[in-house]
2 protein chains.
Amino acid sequence: MCPTFEEALELVGRRWTGAILTATHQGVTRFSEYRAAIDGISDRLLSQRLKELETAGLLDRIVVPSTPVQIRYRLSPDGLELVEALQPLAQWSLRRSVRGRARQTSSA
Amino acid sequence: MCPTFEEALELVGRRWTGAILTATHQGVTRFSEYRAAIDGISDRLLSQRLKELETAGLLDRIVVPSTPVQIRYRLSPDGLELVEALQPLAQWSLRRSVRGRARQTSSA
DNA sequence: CTGAATCCAATAGGATACTG
DNA sequence: CAGTATCCTATTGGATTCAG
(Lines give C-alpha, C1' and ligand atoms only; values in the text may rest on other atoms or scores of the structure.)
Protein backbone atom coordinates (compact mmCIF):
# COMPACT_ATOMS: atom_id res chain seq x y z
CA MET A 1 0.00 0.00 0.00
CA CYS A 2 1.28 3.45 -0.79
CA PRO A 3 2.78 5.11 2.25
CA THR A 4 0.99 8.39 1.67
CA PHE A 5 -2.30 6.68 2.30
CA GLU A 6 -1.08 5.39 5.63
CA GLU A 7 0.14 8.88 6.43
CA ALA A 8 -3.23 10.34 5.59
CA LEU A 9 -4.96 7.75 7.73
CA GLU A 10 -2.69 8.35 10.66
CA LEU A 11 -2.95 12.10 10.46
CA VAL A 12 -6.70 12.03 10.25
CA GLY A 13 -6.91 9.28 12.83
CA ARG A 14 -5.27 11.35 15.51
CA ARG A 15 -7.57 12.38 18.25
CA TRP A 16 -9.58 15.55 17.57
CA THR A 17 -8.35 15.93 14.01
CA GLY A 18 -11.64 14.89 12.50
CA ALA A 19 -13.53 17.19 14.80
CA ILE A 20 -11.29 20.12 13.92
CA LEU A 21 -11.64 19.57 10.19
CA THR A 22 -15.39 19.19 10.49
CA ALA A 23 -15.73 22.28 12.64
CA THR A 24 -13.67 24.29 10.19
CA HIS A 25 -15.79 23.06 7.35
CA GLN A 26 -18.84 24.23 9.24
CA GLY A 27 -17.53 27.74 9.63
CA VAL A 28 -15.43 27.72 12.77
CA THR A 29 -12.40 29.97 12.34
CA ARG A 30 -11.08 31.20 15.68
CA PHE A 31 -9.13 29.40 18.40
CA SER A 32 -11.76 30.14 21.01
CA GLU A 33 -14.48 28.97 18.68
CA TYR A 34 -12.82 25.59 18.31
CA ARG A 35 -12.55 25.37 22.06
CA ALA A 36 -16.24 26.04 22.38
CA ALA A 37 -17.26 23.80 19.50
CA ILE A 38 -15.17 20.78 20.40
CA ASP A 39 -16.10 19.44 23.76
CA GLY A 40 -13.25 18.19 25.88
CA ILE A 41 -10.28 19.32 23.83
CA SER A 42 -7.48 21.04 25.71
CA ASP A 43 -5.64 24.15 24.60
CA ARG A 44 -2.51 22.14 24.19
CA LEU A 45 -3.98 19.56 21.88
CA LEU A 46 -5.97 22.11 19.93
CA SER A 47 -2.88 24.18 19.35
CA GLN A 48 -0.89 21.12 18.39
CA ARG A 49 -3.48 19.81 15.96
CA LEU A 50 -3.96 23.18 14.30
CA LYS A 51 -0.23 23.38 13.80
CA GLU A 52 -0.06 19.86 12.40
CA LEU A 53 -2.88 20.54 10.00
CA GLU A 54 -1.28 23.78 8.94
CA THR A 55 2.06 22.06 8.42
CA ALA A 56 0.35 19.38 6.37
CA GLY A 57 -1.09 22.09 4.17
CA LEU A 58 -4.68 21.36 5.11
CA LEU A 59 -5.43 24.52 7.05
CA ASP A 60 -4.40 28.06 6.32
CA ARG A 61 -3.61 30.28 9.26
CA ILE A 62 -4.67 33.83 8.56
CA VAL A 63 -3.40 36.76 10.59
CA VAL A 64 -5.85 39.63 10.35
CA PRO A 65 -3.97 42.86 11.10
CA SER A 66 -6.57 44.44 13.32
CA THR A 67 -6.07 45.64 16.87
CA PRO A 68 -5.60 43.29 18.44
CA VAL A 69 -4.62 40.94 15.67
CA GLN A 70 -7.04 38.18 14.91
CA ILE A 71 -6.03 34.69 13.97
CA ARG A 72 -8.33 32.78 11.70
CA TYR A 73 -8.11 29.32 10.29
CA ARG A 74 -9.70 28.02 7.17
CA LEU A 75 -9.49 24.93 5.04
CA SER A 76 -6.95 25.07 2.28
CA PRO A 77 -8.03 23.69 -1.10
CA ASP A 78 -6.35 20.42 -0.14
CA GLY A 79 -8.06 20.48 3.22
CA LEU A 80 -11.43 20.96 1.62
CA GLU A 81 -10.79 18.06 -0.70
CA LEU A 82 -9.86 15.98 2.30
CA VAL A 83 -13.06 16.81 4.13
CA GLU A 84 -14.99 15.84 1.04
CA ALA A 85 -13.01 12.64 0.67
CA LEU A 86 -13.97 11.77 4.24
CA GLN A 87 -17.68 12.03 3.63
CA PRO A 88 -18.15 8.41 2.58
CA LEU A 89 -16.42 7.33 5.75
CA ALA A 90 -18.68 9.59 7.77
CA GLN A 91 -21.69 8.09 6.03
CA TRP A 92 -20.39 4.64 6.71
CA SER A 93 -19.90 5.25 10.41
CA LEU A 94 -23.32 6.82 10.62
CA ARG A 95 -24.96 3.85 8.92
CA ARG A 96 -23.12 1.52 11.21
CA SER A 97 -24.11 3.32 14.37
CA VAL A 98 -27.70 3.30 13.20
CA ARG A 99 -27.45 -0.42 12.58
CA GLY A 100 -26.11 -0.84 16.09
CA ARG A 101 -22.55 -1.92 15.39
CA ALA A 102 -19.61 0.24 16.41
CA ARG A 103 -17.98 0.81 19.72
CA GLN A 104 -16.01 -2.07 21.37
CA THR A 105 -12.97 -1.44 19.20
CA SER A 106 -10.37 -1.19 21.95
CA SER A 107 -9.52 -3.76 24.60
CA ALA A 108 -6.03 -4.88 23.53
CA MET B 1 -19.26 15.70 15.42
CA CYS B 2 -20.75 12.28 16.00
CA PRO B 3 -18.50 10.13 18.16
CA THR B 4 -18.81 7.10 15.91
CA PHE B 5 -17.03 8.98 13.17
CA GLU B 6 -14.16 9.75 15.52
CA GLU B 7 -14.08 6.09 16.48
CA ALA B 8 -13.95 5.04 12.87
CA LEU B 9 -11.14 7.48 12.19
CA GLU B 10 -9.14 6.33 15.17
CA LEU B 11 -9.61 2.67 14.39
CA VAL B 12 -8.62 3.10 10.78
CA GLY B 13 -5.85 5.53 11.70
CA ARG B 14 -4.02 2.98 13.79
CA ARG B 15 -0.78 1.86 12.34
CA TRP B 16 -1.07 -1.02 9.82
CA THR B 17 -4.85 -1.07 9.89
CA GLY B 18 -5.16 0.45 6.46
CA ALA B 19 -2.58 -1.92 5.07
CA ILE B 20 -4.35 -4.91 6.55
CA LEU B 21 -7.72 -3.91 5.16
CA THR B 22 -6.23 -3.22 1.76
CA ALA B 23 -4.35 -6.49 1.70
CA THR B 24 -7.47 -8.38 2.67
CA HIS B 25 -9.39 -6.64 -0.04
CA GLN B 26 -6.75 -7.73 -2.50
CA GLY B 27 -7.08 -11.37 -1.57
CA VAL B 28 -4.76 -11.92 1.36
CA THR B 29 -6.28 -14.36 3.81
CA ARG B 30 -3.62 -16.08 5.89
CA PHE B 31 -1.52 -14.80 8.78
CA SER B 32 1.71 -15.59 6.99
CA GLU B 33 0.45 -13.90 3.85
CA TYR B 34 -0.14 -10.69 5.74
CA ARG B 35 3.34 -10.93 7.14
CA ALA B 36 4.73 -11.28 3.66
CA ALA B 37 2.52 -8.63 2.11
CA ILE B 38 2.96 -5.95 4.75
CA ASP B 39 6.54 -4.95 5.06
CA GLY B 40 7.76 -4.24 8.55
CA ILE B 41 4.81 -5.39 10.59
CA SER B 42 5.57 -7.54 13.61
CA ASP B 43 3.67 -10.65 14.63
CA ARG B 44 2.44 -8.94 17.71
CA LEU B 45 0.93 -5.98 15.93
CA LEU B 46 -0.48 -8.09 13.13
CA SER B 47 -2.17 -10.35 15.64
CA GLN B 48 -3.45 -7.40 17.60
CA ARG B 49 -4.84 -5.58 14.58
CA LEU B 50 -6.52 -8.67 13.22
CA LYS B 51 -8.20 -9.15 16.56
CA GLU B 52 -9.27 -5.53 16.74
CA LEU B 53 -10.71 -5.66 13.26
CA GLU B 54 -12.49 -8.88 14.06
CA THR B 55 -13.88 -7.42 17.27
CA ALA B 56 -15.05 -4.39 15.37
CA GLY B 57 -16.91 -6.69 13.01
CA LEU B 58 -14.84 -5.74 9.99
CA LEU B 59 -13.03 -9.01 9.48
CA ASP B 60 -14.32 -12.53 9.78
CA ARG B 61 -11.97 -15.15 11.14
CA ILE B 62 -12.56 -18.49 9.48
CA VAL B 63 -11.24 -21.71 10.93
CA VAL B 64 -10.88 -24.30 8.21
CA PRO B 65 -11.01 -27.77 9.82
CA SER B 66 -8.18 -29.34 7.89
CA THR B 67 -5.06 -30.93 9.34
CA PRO B 68 -3.55 -28.79 10.54
CA VAL B 69 -6.36 -26.30 10.85
CA GLN B 70 -6.12 -23.28 8.65
CA ILE B 71 -7.07 -19.81 9.73
CA ARG B 72 -8.37 -17.45 7.09
CA TYR B 73 -9.50 -13.88 7.31
CA ARG B 74 -11.85 -12.09 5.03
CA LEU B 75 -13.69 -8.82 4.98
CA SER B 76 -17.12 -8.88 6.52
CA PRO B 77 -19.86 -6.99 4.66
CA ASP B 78 -19.20 -4.03 6.95
CA GLY B 79 -15.50 -4.31 6.33
CA LEU B 80 -16.00 -4.31 2.61
CA GLU B 81 -18.16 -1.23 2.88
CA LEU B 82 -15.44 0.40 4.93
CA VAL B 83 -12.79 -0.35 2.34
CA GLU B 84 -15.02 1.14 -0.29
CA ALA B 85 -15.72 4.18 1.86
CA LEU B 86 -11.98 4.70 2.14
CA GLN B 87 -11.41 4.82 -1.60
CA PRO B 88 -11.94 8.59 -1.93
CA LEU B 89 -9.38 9.11 0.80
CA ALA B 90 -6.98 6.82 -1.01
CA GLN B 91 -7.55 8.77 -4.20
CA TRP B 92 -7.00 12.01 -2.37
CA SER B 93 -3.71 10.92 -0.86
CA LEU B 94 -2.60 9.61 -4.22
CA ARG B 95 -3.42 12.90 -5.93
CA ARG B 96 -1.61 14.76 -3.21
CA SER B 97 1.51 12.68 -3.44
CA VAL B 98 1.53 13.16 -7.18
CA ARG B 99 1.23 16.89 -6.68
CA GLY B 100 4.17 16.73 -4.33
CA ARG B 101 2.48 17.61 -1.07
CA ALA B 102 2.37 15.09 1.78
CA ARG B 103 4.89 14.04 4.34
CA GLN B 104 6.06 16.48 7.09
CA THR B 105 3.00 15.78 9.21
CA SER B 106 4.70 14.86 12.45
CA SER B 107 7.19 16.92 14.49
CA ALA B 108 5.16 17.70 17.56
C1' DC C 1 1.48 -22.10 11.00
C1' DT C 2 -0.78 -18.84 14.12
C1' DG C 3 -0.38 -16.64 17.33
C1' DA C 4 0.39 -15.27 22.97
C1' DA C 5 3.63 -13.44 26.61
C1' DT C 6 7.00 -10.42 28.13
C1' DC C 7 9.84 -6.43 28.24
C1' DC C 8 11.02 -1.96 26.94
C1' DA C 9 11.19 2.65 24.49
C1' DA C 10 8.68 6.16 22.37
C1' DT C 11 4.71 8.75 21.73
C1' DA C 12 0.23 10.64 22.67
C1' DG C 13 -2.74 12.74 25.53
C1' DG C 14 -4.73 15.12 29.83
C1' DA C 15 -4.39 18.80 33.58
C1' DT C 16 -2.80 22.90 35.00
C1' DA C 17 -0.47 27.17 35.09
C1' DC C 18 1.46 30.89 32.70
C1' DT C 19 2.44 34.61 28.86
C1' DG C 20 2.52 38.38 24.98
C1' DC D 1 -7.39 36.21 22.53
C1' DA D 2 -4.22 32.63 21.19
C1' DG D 3 -1.47 30.11 22.45
C1' DT D 4 3.27 27.84 25.57
C1' DA D 5 5.46 25.34 29.16
C1' DT D 6 5.65 21.78 32.30
C1' DC D 7 4.50 17.57 34.36
C1' DC D 8 2.78 13.21 34.50
C1' DT D 9 0.21 9.03 33.01
C1' DA D 10 -1.57 5.94 29.61
C1' DT D 11 -1.25 3.94 25.33
C1' DT D 12 1.40 2.31 21.27
C1' DG D 13 4.53 0.01 19.02
C1' DG D 14 8.88 -2.78 18.38
C1' DA D 15 11.84 -6.88 19.48
C1' DT D 16 12.22 -11.17 21.14
C1' DT D 17 10.91 -15.41 23.03
C1' DC D 18 7.70 -19.12 23.78
C1' DA D 19 3.69 -22.33 22.68
C1' DG D 20 -0.32 -25.18 20.84
# chains A, B, ... in the order shown; residues from 1 in each chain; ligands from 1
$ closest_atom_pairs --of "chain C" --to "chain A" --cutoff "12 Å" --atoms "only C-alpha atoms (C1' of nucleotides)" --output "tab-separated table"
residue	atom	partner	partner_atom	distance
C:DA12	C1'	A:Arg14	CA	9.1
C:DG13	C1'	A:Leu45	CA	7.8
C:DG14	C1'	A:Ser42	CA	7.7
C:DA15	C1'	A:Ser42	CA	8.7
C:DT16	C1'	A:Ser42	CA	10.6
C:DG20	C1'	A:Pro68	CA	11.5
$ interface_residues --of "chain D" --to "chain A" --cutoff "9 Å" --atoms "only C-alpha atoms (C1' of nucleotides)" --output "list in words"
DC1, DA2, DG3 and DT4 of chain D
$ interface_residues --of "chain A" --to "chain B" --cutoff "9 Å" --atoms "only C-alpha atoms" --output "PyMOL selection string"
chain A and resi 1-2+4-19+22-23+38+48+51-53+55-57+78+81-82+84-94+96-97+101-108
$ select_by_dssp --residues "chain A" --states "helix (DSSP H, G or I)" --output "NGL selection string"
:A and (3-13 or 17-25 or 31-37 or 43-55 or 77-85 or 87-99)
$ atom_distance --atom1 "atom C1' of C:DT11" --atom2 "atom C1' of D:DG14"
12.7 Å
$ atom_distance --atom1 "atom CA of A:Leu80" --atom2 "atom CA of A:Asp60"
11.0 Å
$ select_by_dssp --residues "stretch 5-88 of chain A" --states "strand (DSSP E)" --output "mmCIF file with N, CA and C atoms, in the first residue's frame"
data_model
loop_
_atom_site.group_PDB
_atom_site.id
_atom_site.type_symbol
_atom_site.label_atom_id
_atom_site.label_comp_id
_atom_site.auth_asym_id
_atom_site.auth_seq_id
_atom_site.Cartn_x
_atom_site.Cartn_y
_atom_site.Cartn_z
ATOM 1 N N LEU A 59 -4.818 23.303 6.519
ATOM 2 C CA LEU A 59 -5.427 24.520 7.049
ATOM 3 C C LEU A 59 -4.530 25.696 6.711
ATOM 4 N N ASP A 60 -5.153 26.822 6.437
ATOM 5 C CA ASP A 60 -4.402 28.065 6.318
ATOM 6 C C ASP A 60 -4.620 28.869 7.580
ATOM 7 N N ARG A 61 -3.537 29.437 8.065
ATOM 8 C CA ARG A 61 -3.610 30.277 9.260
ATOM 9 C C ARG A 61 -3.523 31.720 8.790
ATOM 10 N N ILE A 62 -4.573 32.467 9.064
ATOM 11 C CA ILE A 62 -4.667 33.832 8.559
ATOM 12 C C ILE A 62 -4.506 34.804 9.713
ATOM 13 N N VAL A 63 -3.574 35.717 9.583
ATOM 14 C CA VAL A 63 -3.403 36.758 10.589
ATOM 15 C C VAL A 63 -4.066 38.019 10.084
ATOM 16 N N VAL A 64 -5.135 38.417 10.746
ATOM 17 C CA VAL A 64 -5.852 39.627 10.352
ATOM 18 C C VAL A 64 -5.257 40.801 11.119
ATOM 19 N N GLN A 70 -6.186 39.361 14.818
ATOM 20 C CA GLN A 70 -7.038 38.182 14.905
ATOM 21 C C GLN A 70 -6.399 37.053 14.130
ATOM 22 N N ILE A 71 -6.513 35.865 14.682
ATOM 23 C CA ILE A 71 -6.033 34.693 13.970
ATOM 24 C C ILE A 71 -7.244 33.915 13.491
ATOM 25 N N ARG A 72 -7.233 33.584 12.239
ATOM 26 C CA ARG A 72 -8.330 32.781 11.696
ATOM 27 C C ARG A 72 -7.755 31.588 10.968
ATOM 28 N N TYR A 73 -8.502 30.512 11.028
ATOM 29 C CA TYR A 73 -8.114 29.317 10.289
ATOM 30 C C TYR A 73 -9.172 29.014 9.252
ATOM 31 N N ARG A 74 -8.719 28.481 8.154
ATOM 32 C CA ARG A 74 -9.696 28.016 7.173
ATOM 33 C C ARG A 74 -9.108 26.826 6.437
ATOM 34 N N LEU A 75 -9.963 26.079 5.810
ATOM 35 C CA LEU A 75 -9.493 24.928 5.042
ATOM 36 C C LEU A 75 -8.760 25.420 3.803
#
$ atom_distance --atom1 "atom C1' of D:DT16" --atom2 "atom CA of B:Tyr34"
19.8 Å
$ residues_around --residues "D:DC18" --least-positions-apart "2" --cutoff "12 Å" --atoms "only C-alpha atoms (C1' of nucleotides)" --output "number ranges by chain"
C: 3-6; D: 16, 20
